[in-house]
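Undergrad: My structure is in my_file.cif, and what it holds is mmCIF, C-alpha atoms and all ligand atoms:
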data_upload
#
loop_
_atom_site.label_atom_id
_atom_site.label_comp_id
_atom_site.auth_asym_id
_atom_site.auth_seq_id
_atom_site.Cartn_x
_atom_site.Cartn_y
_atom_site.Cartn_z
CA MET A 1 29.43 -51.16 40.74
CA LYS A 2 27.17 -49.96 43.48
CA LEU A 3 24.29 -47.74 42.53
CA PRO A 4 23.20 -45.03 44.95
CA VAL A 5 19.87 -45.68 46.54
CA TYR A 6 17.38 -42.81 46.58
CA SER A 7 14.50 -42.73 48.99
CA ARG A 8 11.07 -41.44 47.99
CA ALA A 9 11.71 -38.36 50.12
CA ASP A 10 15.01 -37.69 48.29
CA LEU A 11 13.23 -37.93 45.00
CA SER A 12 10.40 -35.61 45.85
CA ARG A 13 12.91 -33.09 47.24
CA THR A 14 14.80 -33.23 43.94
CA VAL A 15 11.62 -32.80 41.93
CA ALA A 16 10.61 -29.83 44.08
CA LEU A 17 14.03 -28.26 43.56
CA VAL A 18 13.89 -28.68 39.79
CA VAL A 19 10.40 -27.18 39.65
CA ALA A 20 11.50 -24.24 41.80
CA LEU A 21 14.56 -23.57 39.64
CA PHE A 22 12.50 -23.78 36.49
CA SER A 23 9.85 -21.34 37.68
CA ALA A 24 12.54 -18.95 38.88
CA ALA A 25 14.13 -19.10 35.46
CA VAL A 26 10.82 -18.47 33.74
CA SER A 27 9.91 -15.54 35.95
CA THR A 28 13.29 -13.87 35.38
CA GLY A 29 12.96 -14.61 31.68
CA ALA A 30 16.13 -16.67 31.80
CA VAL A 31 14.84 -19.61 29.76
CA ALA A 32 15.81 -18.97 26.17
CA ARG A 33 13.78 -20.52 23.45
CA GLU A 34 15.63 -21.42 20.30
CA PHE A 35 14.08 -21.33 16.83
CA ARG A 36 15.75 -23.27 14.05
CA ALA A 37 16.06 -21.43 10.74
CA ALA A 38 17.01 -23.08 7.45
CA ASP A 39 18.62 -21.56 4.36
CA THR A 40 19.96 -23.49 1.39
CA GLN A 41 22.56 -20.83 0.59
CA ASN A 42 26.14 -20.61 1.88
CA GLU A 43 27.24 -19.03 5.10
CA ASP A 44 27.96 -15.51 3.77
CA TYR A 45 25.03 -15.25 1.37
CA PRO A 46 22.91 -12.14 2.01
CA THR A 47 19.82 -14.12 3.03
CA VAL A 48 21.84 -16.04 5.64
CA GLN A 49 23.30 -12.78 6.95
CA ALA A 50 19.77 -11.39 7.10
CA LEU A 51 18.60 -14.34 9.21
CA ARG A 52 21.48 -13.80 11.61
CA TYR A 53 20.70 -10.11 11.82
CA MET A 54 17.07 -10.93 12.53
CA GLY A 55 18.22 -13.29 15.26
CA ARG A 56 20.21 -10.49 16.89
CA LEU A 57 17.21 -8.14 16.78
CA ILE A 58 14.89 -10.72 18.25
CA ALA A 59 17.30 -11.65 21.01
CA GLU A 60 17.72 -7.98 21.90
CA ARG A 61 14.04 -7.13 21.87
CA SER A 62 13.11 -10.17 23.93
CA GLY A 63 15.90 -9.71 26.45
CA GLY A 64 17.46 -12.98 25.30
CA ARG A 65 14.28 -15.04 25.65
CA LEU A 66 13.95 -15.71 21.91
CA GLN A 67 16.95 -16.95 19.96
CA ILE A 68 17.40 -17.98 16.34
CA ARG A 69 19.88 -20.61 15.30
CA VAL A 70 20.68 -20.42 11.59
CA PHE A 71 21.44 -23.58 9.63
CA HIS A 72 22.86 -22.56 6.25
CA SER A 73 24.30 -24.56 3.35
CA ARG A 74 21.61 -27.24 3.42
CA GLN A 75 22.58 -28.39 6.91
CA LEU A 76 18.92 -29.24 7.51
CA GLY A 77 18.46 -30.77 4.05
CA GLU A 78 17.67 -29.58 0.54
CA GLU A 79 15.10 -26.86 0.05
CA LYS A 80 12.21 -29.13 -0.91
CA GLU A 81 12.68 -31.29 2.18
CA THR A 82 13.07 -28.34 4.50
CA ILE A 83 9.78 -26.96 3.20
CA ALA A 84 8.04 -30.22 4.08
CA GLN A 85 9.69 -30.14 7.51
CA THR A 86 8.61 -26.55 8.08
CA ARG A 87 5.08 -27.49 7.17
CA ALA A 88 5.25 -30.35 9.66
CA GLY A 89 6.60 -27.99 12.33
CA ALA A 90 10.03 -29.64 12.62
CA ILE A 91 11.80 -26.52 11.30
CA ASP A 92 10.64 -23.20 12.73
CA LEU A 93 11.83 -20.70 10.14
CA ASN A 94 12.78 -21.16 6.51
CA ARG A 95 14.15 -18.85 3.88
CA ILE A 96 12.98 -20.26 0.57
CA ASN A 97 12.73 -19.30 -3.04
CA GLY A 98 9.37 -18.32 -4.49
CA ALA A 99 9.36 -21.07 -7.11
CA LEU A 100 9.59 -23.81 -4.47
CA ILE A 101 7.04 -22.45 -2.02
CA GLY A 102 4.92 -21.90 -5.13
CA ASN A 103 4.40 -25.67 -5.09
CA PHE A 104 2.17 -25.03 -2.07
CA VAL A 105 1.10 -21.38 -2.06
CA PRO A 106 -0.74 -20.36 -5.25
CA ALA A 107 0.11 -16.65 -5.04
CA MET A 108 3.81 -17.51 -4.85
CA LYS A 109 3.54 -19.64 -7.94
CA VAL A 110 2.14 -16.60 -9.69
CA LEU A 111 5.16 -14.52 -8.59
CA ALA A 112 7.42 -17.16 -10.15
CA MET A 113 5.68 -16.98 -13.55
CA PRO A 114 8.21 -16.33 -16.33
CA PHE A 115 8.33 -12.82 -17.77
CA LEU A 116 5.53 -11.61 -15.50
CA PHE A 117 7.40 -8.56 -14.26
CA ARG A 118 8.63 -5.86 -16.63
CA SER A 119 11.45 -4.97 -14.25
CA LEU A 120 12.65 -5.40 -10.69
CA GLU A 121 10.98 -2.07 -9.92
CA HIS A 122 7.69 -3.54 -11.08
CA LEU A 123 8.20 -6.55 -8.80
CA GLN A 124 9.12 -4.26 -5.91
CA LYS A 125 5.90 -2.28 -6.33
CA VAL A 126 3.88 -5.47 -6.17
CA LEU A 127 5.76 -6.65 -3.07
CA ASP A 128 5.48 -3.29 -1.34
CA GLY A 129 1.75 -3.80 -1.37
CA GLY A 130 2.60 -7.38 -0.52
CA ASN A 131 0.88 -8.07 2.76
CA GLU A 132 -1.96 -9.60 0.82
CA ILE A 133 0.44 -12.14 -0.65
CA LEU A 134 2.30 -12.82 2.62
CA ASN A 135 -1.02 -13.19 4.41
CA SER A 136 -2.21 -15.77 1.90
CA PHE A 137 0.25 -18.42 3.18
CA GLU A 138 -1.63 -19.55 6.28
CA PRO A 139 -4.18 -21.93 4.77
CA TYR A 140 -1.24 -23.85 3.29
CA GLY A 141 0.56 -24.36 6.57
CA PHE A 142 3.04 -21.46 6.65
CA VAL A 143 3.19 -17.94 8.00
CA GLY A 144 4.76 -15.48 5.56
CA LEU A 145 7.05 -13.02 7.34
CA ALA A 146 9.05 -11.11 4.72
CA PHE A 147 10.33 -11.06 1.18
CA TYR A 148 14.03 -10.92 0.36
CA ASP A 149 15.72 -9.85 -2.88
CA SER A 150 16.61 -12.43 -5.46
CA GLY A 151 17.17 -10.32 -8.56
CA ALA A 152 16.36 -12.01 -11.84
CA ARG A 153 17.16 -15.50 -13.04
CA SER A 154 18.87 -16.08 -16.38
CA ILE A 155 19.96 -19.11 -18.39
CA TYR A 156 23.59 -20.29 -18.44
CA ASN A 157 25.27 -23.28 -20.05
CA SER A 158 28.57 -24.82 -21.06
CA VAL A 159 27.75 -25.73 -24.66
CA ARG A 160 27.13 -22.60 -26.71
CA PRO A 161 26.23 -18.95 -26.43
CA VAL A 162 22.44 -18.64 -26.39
CA ARG A 163 21.57 -15.68 -28.60
CA ALA A 164 18.15 -16.84 -29.78
CA ILE A 165 15.52 -19.26 -28.57
CA ALA A 166 16.70 -21.79 -31.19
CA ASP A 167 20.05 -21.98 -29.35
CA VAL A 168 18.36 -23.30 -26.21
CA LYS A 169 16.81 -26.17 -28.11
CA GLY A 170 17.94 -29.56 -26.86
CA LEU A 171 20.04 -28.29 -23.95
CA ARG A 172 19.69 -30.25 -20.71
CA LEU A 173 19.02 -27.57 -18.16
CA ARG A 174 18.75 -28.04 -14.43
CA VAL A 175 15.68 -26.52 -12.81
CA GLN A 176 14.46 -26.21 -9.24
CA GLN A 177 12.09 -28.91 -8.02
CA SER A 178 9.07 -27.14 -9.46
CA GLU A 179 6.66 -28.18 -12.18
CA LEU A 180 6.35 -24.59 -13.35
CA MET A 181 10.10 -24.35 -13.92
CA SER A 182 10.14 -27.66 -15.79
CA ASP A 183 7.27 -26.49 -17.98
CA MET A 184 9.15 -23.31 -18.77
CA ILE A 185 12.26 -25.16 -19.95
CA LYS A 186 10.11 -27.51 -22.04
CA ALA A 187 8.45 -24.49 -23.63
CA PHE A 188 11.93 -23.38 -24.73
CA ASP A 189 12.27 -26.79 -26.42
CA ALA A 190 15.00 -27.75 -23.97
CA GLU A 191 15.11 -30.64 -21.52
CA PRO A 192 14.48 -29.83 -17.85
CA VAL A 193 16.33 -31.81 -15.19
CA GLN A 194 15.00 -31.23 -11.68
CA LEU A 195 17.85 -31.28 -9.18
CA PRO A 196 18.19 -29.92 -5.66
CA TYR A 197 20.50 -26.92 -5.42
CA GLY A 198 23.24 -28.89 -3.70
CA GLN A 199 23.62 -31.23 -6.67
CA VAL A 200 23.87 -28.70 -9.46
CA LEU A 201 27.61 -28.13 -9.28
CA THR A 202 28.33 -31.86 -9.62
CA GLY A 203 25.70 -32.04 -12.36
CA LEU A 204 27.53 -29.36 -14.33
CA ALA A 205 30.99 -30.75 -13.61
CA THR A 206 30.07 -34.27 -14.73
CA GLY A 207 28.06 -33.17 -17.73
CA LEU A 208 24.82 -34.59 -16.34
CA VAL A 209 23.38 -31.20 -17.25
CA ASP A 210 24.54 -28.63 -19.81
CA GLY A 211 23.44 -25.68 -17.79
CA ALA A 212 20.95 -24.18 -15.40
CA GLU A 213 19.33 -20.84 -14.62
CA ASN A 214 19.83 -18.53 -11.69
CA ASN A 215 20.65 -15.01 -10.53
CA TRP A 216 24.21 -13.62 -10.53
CA PRO A 217 24.97 -14.27 -6.85
CA SER A 218 23.88 -17.92 -7.01
CA PHE A 219 25.67 -18.47 -10.33
CA VAL A 220 28.92 -17.27 -8.81
CA THR A 221 28.81 -18.20 -5.10
CA SER A 222 27.90 -21.77 -6.01
CA ASP A 223 30.83 -21.94 -8.50
CA HIS A 224 28.51 -22.81 -11.39
CA TYR A 225 30.28 -20.12 -13.43
CA LYS A 226 33.42 -22.24 -13.43
CA TYR A 227 31.63 -24.85 -15.56
CA ALA A 228 29.07 -22.86 -17.51
CA GLY A 229 30.81 -20.16 -19.52
CA TYR A 230 27.80 -18.70 -21.36
CA TYR A 231 25.33 -16.57 -19.43
CA THR A 232 22.42 -15.10 -21.38
CA LEU A 233 20.55 -12.31 -19.65
CA THR A 234 17.10 -13.77 -20.21
CA GLU A 235 15.95 -12.50 -16.79
CA HIS A 236 12.97 -14.80 -17.27
CA SER A 237 11.96 -15.08 -13.63
CA MET A 238 12.07 -12.62 -10.76
CA SER A 239 10.51 -14.81 -8.11
CA PRO A 240 11.64 -13.37 -4.78
CA GLU A 241 12.96 -15.16 -1.73
CA VAL A 242 10.58 -15.41 1.18
CA LEU A 243 10.93 -16.05 4.90
CA VAL A 244 8.27 -18.28 6.41
CA MET A 245 7.57 -19.60 9.87
CA SER A 246 5.90 -22.88 10.65
CA GLN A 247 2.32 -22.63 11.90
CA LYS A 248 3.33 -24.63 14.94
CA ALA A 249 6.06 -22.21 16.01
CA TRP A 250 3.82 -19.24 15.24
CA GLU A 251 0.96 -20.53 17.34
CA SER A 252 3.32 -21.06 20.25
CA LEU A 253 4.14 -17.33 20.34
CA SER A 254 2.35 -14.68 22.35
CA LEU A 255 0.88 -11.77 20.38
CA ASP A 256 3.73 -9.54 21.55
CA ASP A 257 6.34 -12.04 20.44
CA ARG A 258 4.66 -12.38 17.04
CA LYS A 259 5.03 -8.66 16.67
CA ILE A 260 8.73 -8.92 17.53
CA PHE A 261 9.18 -11.57 14.83
CA ARG A 262 7.26 -9.67 12.17
CA GLU A 263 9.10 -6.44 12.77
CA ALA A 264 12.51 -8.07 12.91
CA ALA A 265 11.78 -9.96 9.68
CA ILE A 266 10.90 -6.75 7.84
CA ARG A 267 13.98 -4.99 9.19
CA SER A 268 16.14 -7.91 8.13
CA SER A 269 14.85 -7.59 4.57
CA HIS A 270 15.96 -3.94 4.49
CA PHE A 271 19.31 -4.91 5.98
CA MET A 272 19.68 -7.53 3.27
CA HIS A 273 18.79 -5.22 0.39
CA ASP A 274 22.10 -3.28 0.28
CA LYS A 275 24.15 -6.40 0.73
CA TRP A 276 22.25 -7.95 -2.14
CA LYS A 277 22.88 -5.09 -4.55
CA ALA A 278 26.58 -5.16 -3.74
CA LEU A 279 26.87 -8.91 -4.21
CA GLU A 280 24.93 -8.82 -7.48
CA GLU A 281 27.42 -6.32 -8.89
CA GLN A 282 30.43 -8.13 -7.51
CA SER A 283 29.25 -11.51 -8.83
CA ARG A 284 28.73 -10.19 -12.32
CA ARG A 285 32.21 -8.65 -12.29
CA GLN A 286 33.70 -11.87 -10.96
CA ALA A 287 32.05 -13.91 -13.73
CA GLU A 288 33.24 -11.47 -16.35
CA ALA A 289 36.78 -11.49 -14.99
CA ALA A 290 36.75 -15.30 -15.10
CA GLY A 291 35.99 -15.13 -18.82
CA VAL A 292 32.27 -15.93 -18.81
CA THR A 293 30.64 -14.75 -22.05
CA ILE A 294 27.68 -12.58 -21.10
CA ILE A 295 25.02 -12.25 -23.78
CA THR A 296 22.87 -9.17 -23.32
CA ASP A 297 22.09 -8.21 -26.88
CA PHE A 298 19.38 -10.51 -28.18
CA ASP A 299 15.65 -10.52 -28.83
CA ARG A 300 13.73 -11.48 -25.70
CA LYS A 301 10.36 -11.43 -27.44
CA PRO A 302 10.42 -15.02 -28.75
CA PHE A 303 11.36 -16.25 -25.24
CA GLU A 304 8.34 -14.46 -23.82
CA ALA A 305 6.06 -15.60 -26.61
CA ALA A 306 6.99 -19.22 -25.89
CA MET A 307 5.29 -18.88 -22.48
CA ALA A 308 1.74 -18.67 -23.88
CA GLY A 309 0.94 -22.28 -22.97
CA ILE A 310 2.23 -21.82 -19.42
CA TYR A 311 -0.01 -18.82 -18.91
CA ALA A 312 -2.99 -20.66 -20.37
CA LYS A 313 -2.39 -23.49 -17.88
CA ALA A 314 -1.97 -21.14 -14.89
CA GLN A 315 -4.98 -19.06 -15.81
CA ARG A 316 -7.26 -22.05 -15.59
CA ASP A 317 -7.27 -21.21 -11.89
CA PRO A 318 -9.49 -18.11 -11.69
CA GLU A 319 -7.70 -16.70 -8.64
CA ALA A 320 -4.31 -17.00 -10.32
CA ALA A 321 -5.72 -15.44 -13.49
CA GLU A 322 -7.04 -12.52 -11.50
CA LEU A 323 -3.75 -11.99 -9.65
CA ILE A 324 -1.77 -12.13 -12.90
CA GLU A 325 -4.05 -9.48 -14.36
CA ARG A 326 -3.71 -7.23 -11.33
CA ILE A 327 0.07 -7.58 -11.30
CA ARG A 328 0.29 -6.70 -14.98
CA LYS A 329 -1.71 -3.55 -14.36
CA VAL A 330 0.62 -2.28 -11.64
CA GLU A 331 2.42 0.69 -13.23
C1 LIG B 401 18.59 -19.50 -5.50
C2 LIG B 401 17.72 -19.43 -4.26
C3 LIG B 401 17.71 -20.74 -3.52
C4 LIG B 401 17.46 -21.93 -4.44
C5 LIG B 401 18.32 -21.86 -5.66
C6 LIG B 401 18.05 -22.96 -6.66
O1 LIG B 401 18.50 -18.32 -6.24
O2 LIG B 401 18.23 -18.44 -3.41
O3 LIG B 401 16.80 -20.68 -2.45
O4 LIG B 401 16.09 -21.99 -4.78
O5 LIG B 401 18.19 -20.61 -6.31
O6 LIG B 401 18.10 -22.71 -7.84
O7 LIG B 401 17.82 -24.10 -6.22
#
How does the structure come out when it is put into structure tokens?
Ligand code: GTR
TA:
Amino acid sequence: MKLPVYSRADLSRTVALVVALFSAAVSTGAVAREFRAADTQNEDYPTVQALRYMGRLIAERSGGRLQIRVFHSRQLGEEKETIAQTRAGAIDLNRINGALIGNFVPAMKVLAMPFLFRSLEHLQKVLDGGNEILNSFEPYGFVGLAFYDSGARSIYNSVRPVRAIADVKGLRLRVQQSELMSDMIKAFDAEPVQLPYGQVLTGLATGLVDGAENNWPSFVTSDHYKYAGYYTLTEHSMSPEVLVMSQKAWESLSLDDRKIFREAAIRSSHFMHDKWKALEEQSRRQAEAAGVTIITDFDRKPFEAAMAGIYAKAQRDPEAAELIERIRKVE
């Protein structure tokens, strides 16, 4: 095979052409920059839809210059790994659950504390004044953009109906990869098994775990309800979902573009809210129709009381103690 021979003059002409094309593209705004966004949930899950919506807003507002490509269903890895990658700047945007980012950001760990919120309204009030919390992410390598709904998490299992704390004793329950969540299950006298989200279904199906804990939409859209027929409305944690951006991506943005991202993120959380409410309802109905026993009538007090040790541990950090106090006082 004969290779073409390029002269120096040919080469420099080519280089000049490429440079000219590139600067023309930049000046007409034609070069699109793509941001990779991760979400552990499935394609239709409200958080994934919210990310897509945000992508549309950002593309519109930037005249196509800024684009978001959404990787759902753990395409970029399990949540814990994607968090590390976001911190390292390899993933630009990440929608994560409060309990997992709580491994890094102290205020988020506080939001994941069991039985901290009296109701979802209480949580919402705290989040509405939430810029302080979102703004606290930066020293830990993330930029907090918006909170998304996640309802409340409750315990489910395949062994027996949990009607009292004694019924939880000895159950092997999957938890997120979070020390706080493991401590909580231990405080119920059960055995925590930390597994990434993508392995829970197999864990339930093979009997590696007896159950887990999650909100209605996750319980149903992940098919866990097909293997765990007892759902007890413990509503022990209301840690919200949060959208973060990597510091690296953030620093690469102009001030105007940062504004576009912030505004679009907030709008996407409103967009998500209605979808969330609808899916929560629908998931509960779907579980009921499939014959899941839902236990709502039981004494929550002993479950809450069992958390004393967890609070004592968390409150050793004076800033966490102060935030817990302030949250409790929000009417
Ligand atoms: C869901 C949450 C996910 C993931 C999952 C889990 O509610 O949306 O981000 O944290 O729980 O239990 O792993």
Undergrad: Taking a cut-off of 10 Å and counting only C-alpha atoms, can you build a table that, for each residue of stretch 228-273 of chain A near stretch 35-48 of chain A, reports the nearest atom pair and how far apart they are in Å (one decimal), sorted by chain then residue number, as a Markdown table?
TA:
| residue | atom | partner | partner_atom | distance |
| --- | --- | --- | --- | --- |
| A:Glu241 | CA | A:Thr47 | CA | 8.4 |
| A:Val242 | CA | A:Thr47 | CA | 9.5 |
| A:Leu243 | CA | A:Thr47 | CA | 9.3 |
| A:Val244 | CA | A:Ala37 | CA | 9.5 |
| A:Met245 | CA | A:Ala37 | CA | 8.7 |
| A:Ala249 | CA | A:Phe35 | CA | 8.1 |
| A:Ser268 | CA | A:Thr47 | CA | 8.8 |
| A:Ser269 | CA | A:Thr47 | CA | 8.3 |
| A:Phe271 | CA | A:Pro46 | CA | 9.0 |
| A:Met272 | CA | A:Pro46 | CA | 5.8 |
| A:His273 | CA | A:Pro46 | CA | 8.2 |
Undergrad: In terms of the shortest atom-to-atom distance over only C-alpha atoms and all ligand atoms, which of A:Arg65, A:Lys109, A:Arg174, A:Arg87 is closest to ligand LIG 401 (chain B)?
TA: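 The shortest atom-to-atom distance to ligand LIG 401 (chain B) comes from A:Arg174.
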Undergrad: Once you count all atoms listed in the file, what closest atom pair and distance in Å to one decimal does each residue of chain A within 7 Å of ligand LIG 401 (chain B) have, with rows by chain and rising residue number, as a tab-separated table?
TA:
residue	atom	partner	partner_atom	distance
A:Thr40	CA	B:LIG401	O3	5.7
A:Gln41	CA	B:LIG401	C3	6.4
A:Glu79	CA	B:LIG401	O3	6.9
A:Ile96	CA	B:LIG401	O3	4.9
A:Asn97	CA	B:LIG401	O3	4.3
A:Leu100	CA	B:LIG401	O4	6.8
A:Ser150	CA	B:LIG401	O1	6.2
A:Val175	CA	B:LIG401	O6	6.7
A:Gln176	CA	B:LIG401	O7	5.0
A:Pro196	CA	B:LIG401	O7	5.9
A:Tyr197	CA	B:LIG401	O7	4.0
A:Asn214	CA	B:LIG401	O1	5.6
A:Asn215	CA	B:LIG401	O1	5.8
A:Ser218	CA	B:LIG401	O1	5.4
A:Glu241	CA	B:LIG401	O2	6.4
Undergrad: Between A:Glu235, A:Glu81, A:Glu191, A:Asp167, single out the one closest to A:Thr296, counting only C-alpha atoms.
TA: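 Closest residue, counting only C-alpha atoms: A:Glu235.
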Undergrad: Here is a test: counting all atoms listed in the file, which residue of A:Phe137, A:Tyr227, A:Phe71, A:Phe219 is nearest to A:Gly207?
TA: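 Nearest to A:Gly207: A:Tyr227.
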Undergrad: If we count all atoms listed in the file, what is near A:Ala90 at a cut-off of 10 Å, once residues fewer than 5 positions away on the same chain are taken out, given as a short mmCIF file (atom, residue, chain, number, x, y, z; two decimals) with C-alpha atoms, in the coordinates of the input?
TA:
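Below is the file out17.cif, written as the result:
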data_model
loop_
_atom_site.label_atom_id
_atom_site.label_comp_id
_atom_site.auth_asym_id
_atom_site.auth_seq_id
_atom_site.Cartn_x
_atom_site.Cartn_y
_atom_site.Cartn_z
CA ARG A 36 15.75 -23.27 14.05
CA THR A 82 13.07 -28.34 4.50
CA ILE A 83 9.78 -26.96 3.20
CA ALA A 84 8.04 -30.22 4.08
CA GLN A 85 9.69 -30.14 7.51
CA SER A 246 5.90 -22.88 10.65
CA LYS A 248 3.33 -24.63 14.94
CA ALA A 249 6.06 -22.21 16.01
#
Undergrad: Of the candidates A:Gly198, A:Phe298, A:Gly129, A:Ile260, which one gets nearest to A:Arg326 if we count only C-alpha atoms?
TA: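 Smallest separation from A:Arg326 among the options: A:Gly129.
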Undergrad: Using all atoms listed in the file, pick whichever of A:Glu263, A:Val193, A:Ser136, A:Glu322 has the shortest atom-to-atom distance to A:Ile58.
TA: A:Glu263
Undergrad: When you draw a straight line from atom CA of A:Asn103 to atom CA of A:Ser178, how long is it in Å?
TA: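 These two atoms are separated by 6.6 Å.
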